[in-house]
There are 2 protein chains.
Amino acid sequence: MAAPMPLAPGRTIGILGGGQLGRMLSLAAARLGLRCHVWCPYPEQPAVHVATAATVAPYDDAAALDAFAAAVDLVTYEFENVPYATAHALNRRVPVRPTPEVLALIQDRLSEKQFLRAAGILTAPFVAIDTAADLPGAIAEIGLPAVLKTRRFGYDGKGQFVLTSATQVEKAWAAVAGAPSILECHINFAHEISAIVARGLDGATACYDPVRNIHENHILARSIVPAGIAADVSAAVRATAERIVRLLDYIGVMGVEMFLEAGAKPRLYVNELAPRVHNSGHWTADACIVSQFEQHVRAICGWPLGETQRHSDAVMENLLGHAVDAWHALARQPSTALHLYDKMEIVPGRKMGHLTRLFPLGRNPEAVLEKSLPASGAAASAKTSG
Amino acid sequence: MAAPMPLAPGRTIGILGGGQLGRMLSLAAARLGLRCHVWCPYPEQPAVHVATAATVAPYDDAAALDAFAAAVDLVTYEFENVPYATAHALNRRVPVRPTPEVLALIQDRLSEKQFLRAAGILTAPFVAIDTAADLPGAIAEIGLPAVLKTRRFGYDGKGQFVLTSATQVEKAWAAVAGAPSILECHINFAHEISAIVARGLDGATACYDPVRNIHENHILARSIVPAGIAADVSAAVRATAERIVRLLDYIGVMGVEMFLEAGAKPRLYVNELAPRVHNSGHWTADACIVSQFEQHVRAICGWPLGETQRHSDAVMENLLGHAVDAWHALARQPSTALHLYDKMEIVPGRKMGHLTRLFPLGRNPEAVLEKSLPASGAAASAKTSG
């Protein structure tokens, strides 16, 4: 079968979602001479300011969908909670990449984990929870501590509850508001690692070097590359990520979050798939010739995938909430790329921008990080699985 | 005197001009959370597709000027042939950076060269030519070969004539259409070098490493960094460029084109100033943390200037006319960043995009260049001064 024609420069990518990921996708598409048309429910979103066109309407607005489909040459999305129905309806008019089917699979933690289990890819043991009555048996099976997670719409630790005792069943069920959930074994991991992997329309795959992520209050605080893991572990991370996108016939960039146990023969668990560019891949925009954003554009547009090697080591640090107020001082930091998202309102914990500190290849960015960070940033390499 | 307040993220930069330089300025401003409003006379220009807003009107449209001034927080320009009257009128409403006065000085080759001469900065010997009758005396003074150049609106070798014989006076005068001109001594240079220099609102200056430029048919074909010049010459290039922006109280990025003689003690001539980001600085977007585009935005917005060191050596190659048709193959080249400008029409010689090939620091990009380029690109390190 001949590969579909690549989308030529000058054509238009539709992006569902107007956040910072859509913004950075738009900027990357622009570098390749492609235009973006953003669809988001609210005006003045970060991606709208840099896109060639915008549709501001709810995702179930049929007239907006018609006009959007007519205005774009293909569709992608910048977050996984875009309604499946919208993606599905659009896919009857223009190609949606990654496909609505993959989106649906990943939107549901249960089908996501079932896919991984069926593929023989290690995940934390899990049991589906449909009613509170399912919990005691699940706890008996999984053990404690365990994490109750809603099947849908969770992010940044929202919709999760860590159970340390069987007496917390009611509290946990209330925390997930009685939504269909899964109970998952709590992994005591040494590191959270992620892989930013891509698969092109031609079936080629490419994976950036694994990243070590440090969370604070369930939100990604920093990503460090190289991850400081053994070469065989790094190879396993890449191989697992590339296997996942191949098994799914996936098109685009995917973020694959993994937990790595401590010890000499640590096990690697896949925690979560993100069918989109990922916060832990932001460093690629400053440390690689082809960023994850451009890579996603290349993949969905049927262009050849770009190289994933980096020219510098990197530490990416999110600017959450009022941390962004220091923009003027941050602009003065040496060897640092500053990215601001032009969000209208500063909310505590909200991702307002990020920094990427670059280091010559082969230095130890973690050591540099420890020395250069304020005391407040030194904490928390621990995180409950989520 | 207290420095003016920096322009905060979320505010809007007005850009006069809608070409690729405005496009890349807009993309750089977006990374810093700033918005751009582009004013250009024609629709569908490259910068319009990525700017937050656009005004499409002639530059002498008073109503457009009013609305534009009201919509932006400061103004800059992406080419030097924007009408002085427009810049001047805008400057009474919002800051225009670089100033209209600097723009006027540089728009006229005569006042530009007179400024350099007065500063004791070496230029090719020149004489003002107001009528054809001035030419014979000027030739006697300057010698032959010499170059007749219009004082205004020249670019890419347009509005120029190389005189090799005194019998060509009429032909030369016809070539410049009888416009006020200068006659300039033809410099037999070994290399054309350029410096991309910036001066911030706080008076700080910063200069990227000098670049060697290779022209073909009077259009920049390639820029190479490092330039392959001696350390003392490189230091002189930087010092000259920084001195120029200081003397002019300049705010923003300037491209300074210079000619370097051959020999052990080569003289360095300043050929031309560009009061804007410059084609020979495009490599900075891929080889430096802070590109010339971001640097210009930082300077005009009163932000601290960024660092100018590079993490990679680089060869920038313009994609002229139908060279851009090969975009799909070009996207496959190793260690290469591809930039396409989304221009509506391909015209021979028109700048449609560019490539930056990156090399680890300290390799010899010129040697790599010679090996990697097609035969057609091997020619022409010679160029008539222009």
# chains A, B, ... in the order shown; residues from 1 in each chain; ligands from 1

$ calpha_fit_and_write --fixed "chain B" --moving "chain A" --output "short mmCIF file (atom, residue, chain, number, x, y, z; two decimals) with C-alpha atoms, in the first residue's frame"
data_model
loop_
_atom_site.label_atom_id
_atom_site.label_comp_id
_atom_site.auth_asym_id
_atom_site.auth_seq_id
_atom_site.Cartn_x
_atom_site.Cartn_y
_atom_site.Cartn_z
CA MET A 1 17.87 58.21 34.93
CA ALA A 2 15.82 55.12 35.73
CA ALA A 3 15.58 52.62 32.89
CA PRO A 4 12.14 52.49 31.26
CA MET A 5 9.93 49.65 32.48
CA PRO A 6 10.33 46.44 30.49
CA LEU A 7 7.37 45.34 28.40
CA ALA A 8 5.67 42.57 30.35
CA PRO A 9 4.57 39.21 28.94
CA GLY A 10 1.07 39.43 27.49
CA ARG A 11 1.72 42.86 25.94
CA THR A 12 1.87 43.51 22.21
CA ILE A 13 4.74 44.38 19.89
CA GLY A 14 3.83 46.06 16.63
CA ILE A 15 5.95 44.93 13.68
CA LEU A 16 6.18 46.94 10.47
CA GLY A 17 6.66 44.42 7.69
CA GLY A 18 5.15 41.00 7.12
CA GLY A 19 8.05 38.99 5.66
CA GLN A 20 10.00 36.07 7.02
CA LEU A 21 11.96 38.24 9.45
CA GLY A 22 8.70 39.45 10.98
CA ARG A 23 7.49 35.87 11.05
CA MET A 24 10.54 34.67 12.97
CA LEU A 25 10.36 37.69 15.28
CA SER A 26 6.74 36.81 16.04
CA LEU A 27 7.62 33.21 16.82
CA ALA A 28 10.42 34.34 19.13
CA ALA A 29 8.20 36.88 20.88
CA ALA A 30 5.59 34.15 21.40
CA ARG A 31 8.13 32.00 23.22
CA LEU A 32 8.52 34.83 25.72
CA GLY A 33 4.76 35.20 26.15
CA LEU A 34 4.58 38.41 24.10
CA ARG A 35 2.10 39.04 21.28
CA CYS A 36 2.75 40.55 17.89
CA HIS A 37 0.59 42.72 15.68
CA VAL A 38 1.95 42.87 12.15
CA TRP A 39 1.34 45.78 9.79
CA CYS A 40 2.01 45.10 6.15
CA PRO A 41 0.58 46.39 2.88
CA TYR A 42 -0.40 42.98 1.47
CA PRO A 43 -2.50 40.14 2.88
CA GLU A 44 -1.28 36.57 3.40
CA GLN A 45 2.26 37.63 4.21
CA PRO A 46 4.46 35.14 6.11
CA ALA A 47 4.32 36.98 9.44
CA VAL A 48 0.55 37.42 9.36
CA HIS A 49 -0.09 33.70 9.78
CA VAL A 50 1.68 33.54 13.14
CA ALA A 51 0.93 36.98 14.59
CA THR A 52 -1.87 37.55 17.08
CA ALA A 53 -3.25 40.36 14.92
CA ALA A 54 -2.57 42.01 11.59
CA THR A 55 -3.22 45.33 9.89
CA VAL A 56 -3.25 45.08 6.11
CA ALA A 57 -3.03 48.61 4.71
CA PRO A 58 -0.59 50.92 2.95
CA TYR A 59 1.91 52.52 5.32
CA ASP A 60 0.51 55.97 4.60
CA ASP A 61 -3.02 55.05 5.68
CA ALA A 62 -3.70 57.45 8.56
CA ALA A 63 -6.67 55.54 9.95
CA ALA A 64 -4.67 52.31 9.94
CA LEU A 65 -1.84 54.10 11.71
CA ASP A 66 -4.21 55.34 14.41
CA ALA A 67 -5.67 51.91 15.02
CA PHE A 68 -2.27 50.23 14.93
CA ALA A 69 -0.77 52.69 17.40
CA ALA A 70 -3.72 52.14 19.74
CA ALA A 71 -3.38 48.34 19.55
CA VAL A 72 0.32 47.96 20.31
CA ASP A 73 2.65 48.77 23.19
CA LEU A 74 5.74 49.41 21.12
CA VAL A 75 6.80 49.21 17.50
CA THR A 76 9.70 47.68 15.67
CA TYR A 77 10.36 46.90 12.02
CA GLU A 78 11.62 43.93 10.10
CA PHE A 79 13.02 45.77 7.11
CA GLU A 80 14.77 49.09 6.62
CA ASN A 81 12.64 50.33 3.75
CA VAL A 82 9.60 51.01 5.88
CA PRO A 83 8.71 54.68 5.34
CA TYR A 84 10.41 56.99 7.80
CA ALA A 85 7.22 59.07 7.97
CA THR A 86 5.29 56.08 9.29
CA ALA A 87 7.91 55.28 11.91
CA HIS A 88 8.09 58.93 12.90
CA ALA A 89 4.32 59.31 13.24
CA LEU A 90 4.08 56.12 15.30
CA ASN A 91 6.90 57.26 17.56
CA ARG A 92 4.76 60.14 18.78
CA ARG A 93 2.29 57.57 20.11
CA VAL A 94 4.35 54.56 21.21
CA PRO A 95 8.08 53.89 21.41
CA VAL A 96 9.59 52.86 18.06
CA ARG A 97 12.76 50.82 18.46
CA PRO A 98 15.23 51.14 16.81
CA THR A 99 14.38 54.85 16.65
CA PRO A 100 13.10 56.52 13.46
CA GLU A 101 16.24 58.68 13.52
CA VAL A 102 18.50 55.63 13.26
CA LEU A 103 16.22 54.24 10.57
CA ALA A 104 16.54 57.47 8.56
CA LEU A 105 20.31 57.50 8.93
CA ILE A 106 20.67 53.93 7.70
CA GLN A 107 18.07 54.25 4.93
CA ASP A 108 20.46 56.57 3.17
CA ARG A 109 23.79 55.00 2.20
CA LEU A 110 25.39 58.43 2.19
CA SER A 111 24.47 59.38 5.76
CA GLU A 112 25.26 55.81 6.87
CA LYS A 113 28.77 56.00 5.40
CA GLN A 114 29.27 59.53 6.65
CA PHE A 115 28.42 58.39 10.16
CA LEU A 116 30.94 55.55 9.89
CA ARG A 117 33.63 57.84 8.46
CA ALA A 118 33.04 60.40 11.20
CA ALA A 119 33.44 57.64 13.78
CA GLY A 120 36.78 56.67 12.27
CA ILE A 121 35.42 53.30 11.16
CA LEU A 122 36.96 52.09 7.92
CA THR A 123 34.66 51.92 4.89
CA ALA A 124 35.38 51.64 1.19
CA PRO A 125 36.23 55.17 -0.09
CA PHE A 126 33.05 56.79 -1.41
CA VAL A 127 31.83 59.98 -3.08
CA ALA A 128 28.27 61.30 -3.26
CA ILE A 129 26.80 61.35 -6.76
CA ASP A 130 23.84 63.64 -7.34
CA THR A 131 24.03 63.99 -11.12
CA ALA A 132 25.75 62.16 -13.97
CA ALA A 133 28.15 65.08 -14.16
CA ASP A 134 29.53 64.12 -10.76
CA LEU A 135 30.71 60.74 -12.01
CA PRO A 136 33.90 61.51 -13.94
CA GLY A 137 35.40 63.45 -11.05
CA ALA A 138 34.36 60.74 -8.61
CA ILE A 139 35.96 58.06 -10.76
CA ALA A 140 39.15 60.09 -10.83
CA GLU A 141 39.07 60.31 -7.06
CA ILE A 142 38.02 56.71 -6.25
CA GLY A 143 39.65 54.81 -9.10
CA LEU A 144 38.30 51.80 -10.94
CA PRO A 145 36.71 49.34 -10.55
CA ALA A 146 34.08 51.16 -8.54
CA VAL A 147 30.48 50.51 -7.65
CA LEU A 148 27.65 52.97 -8.19
CA LYS A 149 24.91 52.36 -5.61
CA THR A 150 21.65 54.18 -5.08
CA ARG A 151 21.52 55.91 -1.74
CA ARG A 152 18.12 54.42 -0.93
CA PHE A 153 16.10 51.20 -1.29
CA GLY A 154 18.86 48.89 -2.47
CA TYR A 155 18.93 45.26 -1.40
CA ASP A 156 20.32 41.95 -2.69
CA GLY A 157 22.48 43.80 -5.24
CA LYS A 158 19.59 45.78 -6.69
CA GLY A 159 20.24 49.41 -7.63
CA GLN A 160 23.94 48.79 -8.20
CA PHE A 161 26.34 48.93 -11.11
CA VAL A 162 29.99 47.92 -11.20
CA LEU A 163 32.08 50.30 -13.32
CA THR A 164 35.26 48.89 -14.78
CA SER A 165 35.79 51.65 -17.33
CA ALA A 166 35.14 55.39 -17.47
CA THR A 167 33.19 54.78 -20.69
CA GLN A 168 30.41 53.14 -18.64
CA VAL A 169 29.25 56.38 -17.01
CA GLU A 170 26.02 56.63 -18.97
CA LYS A 171 25.19 52.98 -18.58
CA ALA A 172 25.81 53.17 -14.83
CA TRP A 173 23.68 56.26 -14.45
CA ALA A 174 20.88 54.54 -16.34
CA ALA A 175 21.25 51.46 -14.09
CA VAL A 176 20.51 53.53 -11.00
CA ALA A 177 17.74 55.38 -12.89
CA GLY A 178 19.32 58.71 -12.15
CA ALA A 179 18.67 58.35 -8.43
CA PRO A 180 20.93 60.05 -5.88
CA SER A 181 23.78 57.60 -5.40
CA ILE A 182 27.26 57.06 -4.10
CA LEU A 183 30.30 55.85 -5.99
CA GLU A 184 32.28 53.44 -3.91
CA CYS A 185 35.70 51.89 -4.38
CA HIS A 186 35.41 48.21 -5.22
CA ILE A 187 37.08 46.26 -2.43
CA ASN A 188 38.80 43.02 -3.39
CA PHE A 189 37.87 41.21 -0.27
CA ALA A 190 38.80 37.71 0.77
CA HIS A 191 35.70 37.21 2.89
CA GLU A 192 32.44 38.86 3.63
CA ILE A 193 31.94 38.74 7.36
CA SER A 194 28.94 39.84 9.34
CA ALA A 195 28.28 40.54 12.96
CA ILE A 196 24.90 40.22 14.61
CA VAL A 197 25.06 42.66 17.47
CA ALA A 198 22.49 43.87 19.97
CA ARG A 199 22.17 46.75 22.35
CA GLY A 200 19.59 46.69 25.12
CA LEU A 201 17.56 49.47 26.62
CA ASP A 202 19.99 49.43 29.55
CA GLY A 203 22.93 50.12 27.23
CA ALA A 204 24.35 46.60 27.44
CA THR A 205 25.72 45.19 24.20
CA ALA A 206 26.19 41.61 23.02
CA CYS A 207 27.54 40.24 19.78
CA TYR A 208 27.29 36.75 18.34
CA ASP A 209 30.38 35.14 16.87
CA PRO A 210 31.25 36.63 13.46
CA VAL A 211 29.85 34.81 10.46
CA ARG A 212 31.35 34.20 7.06
CA ASN A 213 28.86 34.81 4.25
CA ILE A 214 28.88 33.35 0.78
CA HIS A 215 26.80 35.10 -1.85
CA GLU A 216 25.62 33.81 -5.20
CA ASN A 217 24.11 36.24 -7.73
CA HIS A 218 24.23 39.00 -5.09
CA ILE A 219 21.97 37.01 -2.75
CA LEU A 220 23.19 35.44 0.46
CA ALA A 221 23.56 31.73 -0.18
CA ARG A 222 25.25 30.50 3.00
CA SER A 223 26.49 31.70 6.35
CA ILE A 224 29.13 29.77 8.22
CA VAL A 225 30.08 29.98 11.87
CA PRO A 226 32.81 29.96 13.03
CA ALA A 227 33.95 32.26 10.24
CA GLY A 228 37.44 30.78 10.06
CA ILE A 229 39.17 34.08 10.83
CA ALA A 230 41.97 34.83 13.26
CA ALA A 231 41.02 35.53 16.87
CA ASP A 232 42.23 39.15 16.68
CA VAL A 233 40.17 39.76 13.54
CA SER A 234 37.16 38.21 15.21
CA ALA A 235 37.67 40.48 18.21
CA ALA A 236 37.93 43.49 15.89
CA VAL A 237 34.67 42.53 14.17
CA ARG A 238 32.86 42.32 17.50
CA ALA A 239 34.42 45.49 18.85
CA THR A 240 33.51 47.45 15.71
CA ALA A 241 29.92 46.20 15.77
CA GLU A 242 29.50 46.97 19.46
CA ARG A 243 31.03 50.40 18.97
CA ILE A 244 28.57 51.19 16.17
CA VAL A 245 25.48 50.36 18.24
CA ARG A 246 26.85 52.32 21.19
CA LEU A 247 27.58 55.37 19.05
CA LEU A 248 24.06 55.29 17.64
CA ASP A 249 22.36 54.72 21.04
CA TYR A 250 20.85 51.88 19.11
CA ILE A 251 18.15 49.61 20.62
CA GLY A 252 17.68 46.17 19.10
CA VAL A 253 19.60 43.78 16.89
CA MET A 254 21.70 45.10 14.02
CA GLY A 255 23.39 43.21 11.21
CA VAL A 256 26.78 44.68 10.34
CA GLU A 257 28.23 43.54 7.02
CA MET A 258 31.99 43.81 6.63
CA PHE A 259 34.62 43.01 4.04
CA LEU A 260 37.87 41.43 5.10
CA GLU A 261 40.94 41.77 2.90
CA ALA A 262 43.25 38.85 2.28
CA GLY A 263 46.74 38.78 3.77
CA ALA A 264 48.51 38.69 7.08
CA LYS A 265 47.35 42.10 8.27
CA PRO A 266 43.98 42.34 6.54
CA ARG A 267 41.93 45.50 6.79
CA LEU A 268 38.29 45.26 7.82
CA TYR A 269 35.80 47.51 6.01
CA VAL A 270 32.25 48.08 7.19
CA ASN A 271 30.02 47.75 4.15
CA GLU A 272 26.47 48.05 5.35
CA LEU A 273 24.32 48.30 8.46
CA ALA A 274 20.93 46.61 8.69
CA PRO A 275 18.77 48.06 11.49
CA ARG A 276 17.02 44.75 12.10
CA VAL A 277 17.55 41.03 12.43
CA HIS A 278 19.58 39.74 9.53
CA ASN A 279 19.62 36.74 7.21
CA SER A 280 23.20 35.98 8.26
CA GLY A 281 21.97 35.55 11.84
CA HIS A 282 19.37 32.87 11.16
CA TRP A 283 21.75 30.18 12.39
CA THR A 284 21.40 31.57 15.92
CA ALA A 285 17.86 30.15 16.10
CA ASP A 286 19.29 26.64 15.98
CA ALA A 287 22.79 26.95 17.43
CA CYS A 288 22.24 29.33 20.37
CA ILE A 289 19.93 29.33 23.37
CA VAL A 290 18.84 32.87 22.57
CA SER A 291 18.34 33.53 18.85
CA GLN A 292 18.84 36.89 17.14
CA PHE A 293 15.03 37.12 16.98
CA GLU A 294 14.60 36.66 20.71
CA GLN A 295 17.56 38.96 21.29
CA HIS A 296 15.86 41.70 19.27
CA VAL A 297 12.63 41.20 21.23
CA ARG A 298 14.54 41.30 24.51
CA ALA A 299 16.35 44.48 23.49
CA ILE A 300 13.36 46.47 22.27
CA CYS A 301 11.21 45.31 25.20
CA GLY A 302 13.76 46.33 27.80
CA TRP A 303 14.49 42.78 28.90
CA PRO A 304 18.02 41.72 29.74
CA LEU A 305 19.97 40.69 26.66
CA GLY A 306 20.50 36.97 26.31
CA GLU A 307 23.77 35.13 26.02
CA THR A 308 25.25 34.90 22.55
CA GLN A 309 27.42 31.81 22.86
CA ARG A 310 26.53 28.84 20.70
CA HIS A 311 26.23 25.17 21.54
CA SER A 312 27.03 24.03 17.99
CA ASP A 313 28.86 25.16 14.91
CA ALA A 314 26.51 25.93 12.04
CA VAL A 315 26.09 26.37 8.33
CA MET A 316 22.95 28.22 7.26
CA GLU A 317 21.82 27.76 3.67
CA ASN A 318 19.04 29.79 2.07
CA LEU A 319 16.38 28.02 0.06
CA LEU A 320 15.87 30.27 -2.95
CA GLY A 321 13.01 29.91 -5.39
CA HIS A 322 12.21 26.37 -6.39
CA ALA A 323 14.90 24.94 -4.10
CA VAL A 324 12.04 24.79 -1.61
CA ASP A 325 10.21 22.24 -3.73
CA ALA A 326 12.54 19.65 -2.24
CA TRP A 327 11.10 20.22 1.25
CA HIS A 328 10.29 16.57 1.81
CA ALA A 329 13.82 15.40 1.03
CA LEU A 330 15.28 18.33 2.97
CA ALA A 331 13.27 17.27 6.02
CA ARG A 332 15.21 14.01 5.94
CA GLN A 333 18.70 15.53 6.07
CA PRO A 334 20.67 14.65 9.19
CA SER A 335 21.50 17.27 11.84
CA THR A 336 19.55 19.84 9.89
CA ALA A 337 16.88 22.28 11.03
CA LEU A 338 14.41 23.18 8.29
CA HIS A 339 12.63 26.54 8.23
CA LEU A 340 9.92 27.33 5.69
CA TYR A 341 8.32 30.75 5.37
CA ASP A 342 4.86 29.93 4.01
CA LYS A 343 5.12 32.33 1.07
CA MET A 344 2.25 32.14 -1.38
CA GLU A 345 4.28 32.27 -4.58
CA ILE A 346 7.60 30.78 -5.56
CA VAL A 347 9.72 33.28 -7.51
CA PRO A 348 13.25 32.46 -8.73
CA GLY A 349 15.75 33.89 -6.24
CA ARG A 350 13.07 34.56 -3.64
CA LYS A 351 13.91 33.49 -0.10
CA MET A 352 11.44 30.69 0.59
CA GLY A 353 13.10 29.12 3.61
CA HIS A 354 16.44 28.09 4.99
CA LEU A 355 18.31 25.18 6.49
CA THR A 356 20.71 25.20 9.40
CA ARG A 357 23.14 22.30 9.54
CA LEU A 358 24.60 21.82 13.00
CA PHE A 359 28.00 20.39 13.87
CA PRO A 360 29.55 19.67 17.25
CA LEU A 361 31.63 22.64 18.40
CA GLY A 362 35.17 22.64 17.16
CA ARG A 363 34.75 20.60 14.03
CA ASN A 364 35.43 22.49 10.86
CA PRO A 365 32.02 23.19 9.31
CA GLU A 366 33.60 24.56 6.16
CA ALA A 367 35.33 21.27 5.46
CA VAL A 368 32.09 19.44 6.13
CA LEU A 369 30.29 21.93 3.92
CA GLU A 370 32.61 21.34 1.00
CA LYS A 371 32.06 17.61 1.21
CA SER A 372 28.32 17.72 1.73
CA LEU A 373 27.20 20.28 -0.81
CA PRO A 374 26.15 19.52 -4.35
CA ALA A 375 28.55 20.73 -7.05
CA SER A 376 26.26 23.63 -7.90
CA GLY A 377 26.76 25.05 -4.44
CA ALA A 378 30.55 24.92 -4.47
CA ALA A 379 31.07 28.12 -6.45
CA ALA A 380 31.11 31.78 -5.68
CA SER A 381 32.88 32.97 -2.62
CA ALA A 382 33.42 36.10 -4.68
CA LYS A 383 30.90 38.87 -4.69
CA THR A 384 30.96 42.45 -5.84
CA SER A 385 30.77 44.69 -2.86
CA GLY A 386 27.12 45.39 -2.08
#

$ select_by_dssp --residues "segment 283-343 of chain B" --states "helix (DSSP H, G or I)" --output "list in words"
Thr284, Ala285, Asp286, Ala287, Gln292, Phe293, Glu294, Gln295, His296, Val297, Arg298, Ala299, Ile300, Gly321, His322, Ala323, Val324, Asp325, Ala326, Trp327, His328, Ala329 and Leu330 of chain B

$ select_by_dssp --residues "segment 177-349 of chain B" --states "strand (DSSP E)" --output "JSON, numbers by chain"
{"B": [181, 182, 183, 184, 185, 191, 192, 193, 194, 195, 196, 197, 198, 199, 205, 206, 207, 211, 212, 213, 214, 215, 216, 219, 220, 221, 222, 223, 224, 225, 252, 253, 254, 255, 256, 257, 258, 259, 260, 268, 269, 270, 271, 272, 273, 274, 312, 313, 314, 315, 316, 317, 318, 319, 320, 336, 337, 338, 339, 340]}

$ decode --residues "segment 228-241 of chain B" --atoms "N, CA, C and O atoms" --output "PDB file, in the first residue's frame"
ATOM      1  N   GLY B 228      36.124  31.207  10.523  1.00  0.00           N
ATOM      2  CA  GLY B 228      37.447  30.804  10.056  1.00  0.00           C
ATOM      3  C   GLY B 228      38.401  31.972   9.942  1.00  0.00           C
ATOM      4  O   GLY B 228      39.236  32.008   9.038  1.00  0.00           O
ATOM      5  N   ILE B 229      38.266  32.942  10.821  1.00  0.00           N
ATOM      6  CA  ILE B 229      39.161  34.102  10.815  1.00  0.00           C
ATOM      7  C   ILE B 229      39.977  34.101  12.103  1.00  0.00           C
ATOM      8  O   ILE B 229      39.600  33.446  13.080  1.00  0.00           O
ATOM      9  N   ALA B 230      41.088  34.825  12.090  1.00  0.00           N
ATOM     10  CA  ALA B 230      41.977  34.855  13.257  1.00  0.00           C
ATOM     11  C   ALA B 230      41.259  35.477  14.453  1.00  0.00           C
ATOM     12  O   ALA B 230      40.338  36.286  14.294  1.00  0.00           O
ATOM     13  N   ALA B 231      41.699  35.095  15.646  1.00  0.00           N
ATOM     14  CA  ALA B 231      41.042  35.557  16.867  1.00  0.00           C
ATOM     15  C   ALA B 231      41.071  37.081  16.978  1.00  0.00           C
ATOM     16  O   ALA B 231      40.084  37.698  17.412  1.00  0.00           O
ATOM     17  N   ASP B 232      42.180  37.709  16.547  1.00  0.00           N
ATOM     18  CA  ASP B 232      42.229  39.167  16.678  1.00  0.00           C
ATOM     19  C   ASP B 232      41.292  39.838  15.681  1.00  0.00           C
ATOM     20  O   ASP B 232      40.702  40.876  15.973  1.00  0.00           O
ATOM     21  N   VAL B 233      41.122  39.225  14.517  1.00  0.00           N
ATOM     22  CA  VAL B 233      40.175  39.776  13.538  1.00  0.00           C
ATOM     23  C   VAL B 233      38.756  39.636  14.073  1.00  0.00           C
ATOM     24  O   VAL B 233      37.943  40.559  14.010  1.00  0.00           O
ATOM     25  N   SER B 234      38.478  38.471  14.626  1.00  0.00           N
ATOM     26  CA  SER B 234      37.163  38.229  15.205  1.00  0.00           C
ATOM     27  C   SER B 234      36.864  39.253  16.300  1.00  0.00           C
ATOM     28  O   SER B 234      35.765  39.822  16.368  1.00  0.00           O
ATOM     29  N   ALA B 235      37.858  39.515  17.130  1.00  0.00           N
ATOM     30  CA  ALA B 235      37.673  40.492  18.207  1.00  0.00           C
ATOM     31  C   ALA B 235      37.424  41.883  17.625  1.00  0.00           C
ATOM     32  O   ALA B 235      36.597  42.651  18.138  1.00  0.00           O
ATOM     33  N   ALA B 236      38.125  42.200  16.527  1.00  0.00           N
ATOM     34  CA  ALA B 236      37.936  43.510  15.895  1.00  0.00           C
ATOM     35  C   ALA B 236      36.528  43.629  15.302  1.00  0.00           C
ATOM     36  O   ALA B 236      35.900  44.694  15.374  1.00  0.00           O
ATOM     37  N   VAL B 237      36.042  42.536  14.730  1.00  0.00           N
ATOM     38  CA  VAL B 237      34.689  42.539  14.164  1.00  0.00           C
ATOM     39  C   VAL B 237      33.670  42.844  15.265  1.00  0.00           C
ATOM     40  O   VAL B 237      32.811  43.721  15.134  1.00  0.00           O
ATOM     41  N   ARG B 238      33.788  42.128  16.366  1.00  0.00           N
ATOM     42  CA  ARG B 238      32.863  42.341  17.487  1.00  0.00           C
ATOM     43  C   ARG B 238      32.975  43.763  18.038  1.00  0.00           C
ATOM     44  O   ARG B 238      31.970  44.431  18.299  1.00  0.00           O
ATOM     45  N   ALA B 239      34.215  44.206  18.240  1.00  0.00           N
ATOM     46  CA  ALA B 239      34.418  45.527  18.849  1.00  0.00           C
ATOM     47  C   ALA B 239      33.835  46.615  17.957  1.00  0.00           C
ATOM     48  O   ALA B 239      33.202  47.563  18.436  1.00  0.00           O
ATOM     49  N   THR B 240      34.037  46.470  16.652  1.00  0.00           N
ATOM     50  CA  THR B 240      33.504  47.460  15.714  1.00  0.00           C
ATOM     51  C   THR B 240      31.979  47.473  15.767  1.00  0.00           C
ATOM     52  O   THR B 240      31.353  48.539  15.835  1.00  0.00           O
ATOM     53  N   ALA B 241      31.392  46.298  15.750  1.00  0.00           N
ATOM     54  CA  ALA B 241      29.927  46.209  15.761  1.00  0.00           C
ATOM     55  C   ALA B 241      29.367  46.796  17.058  1.00  0.00           C
ATOM     56  O   ALA B 241      28.394  47.569  17.041  1.00  0.00           O
TER      57      ALA B 241
END
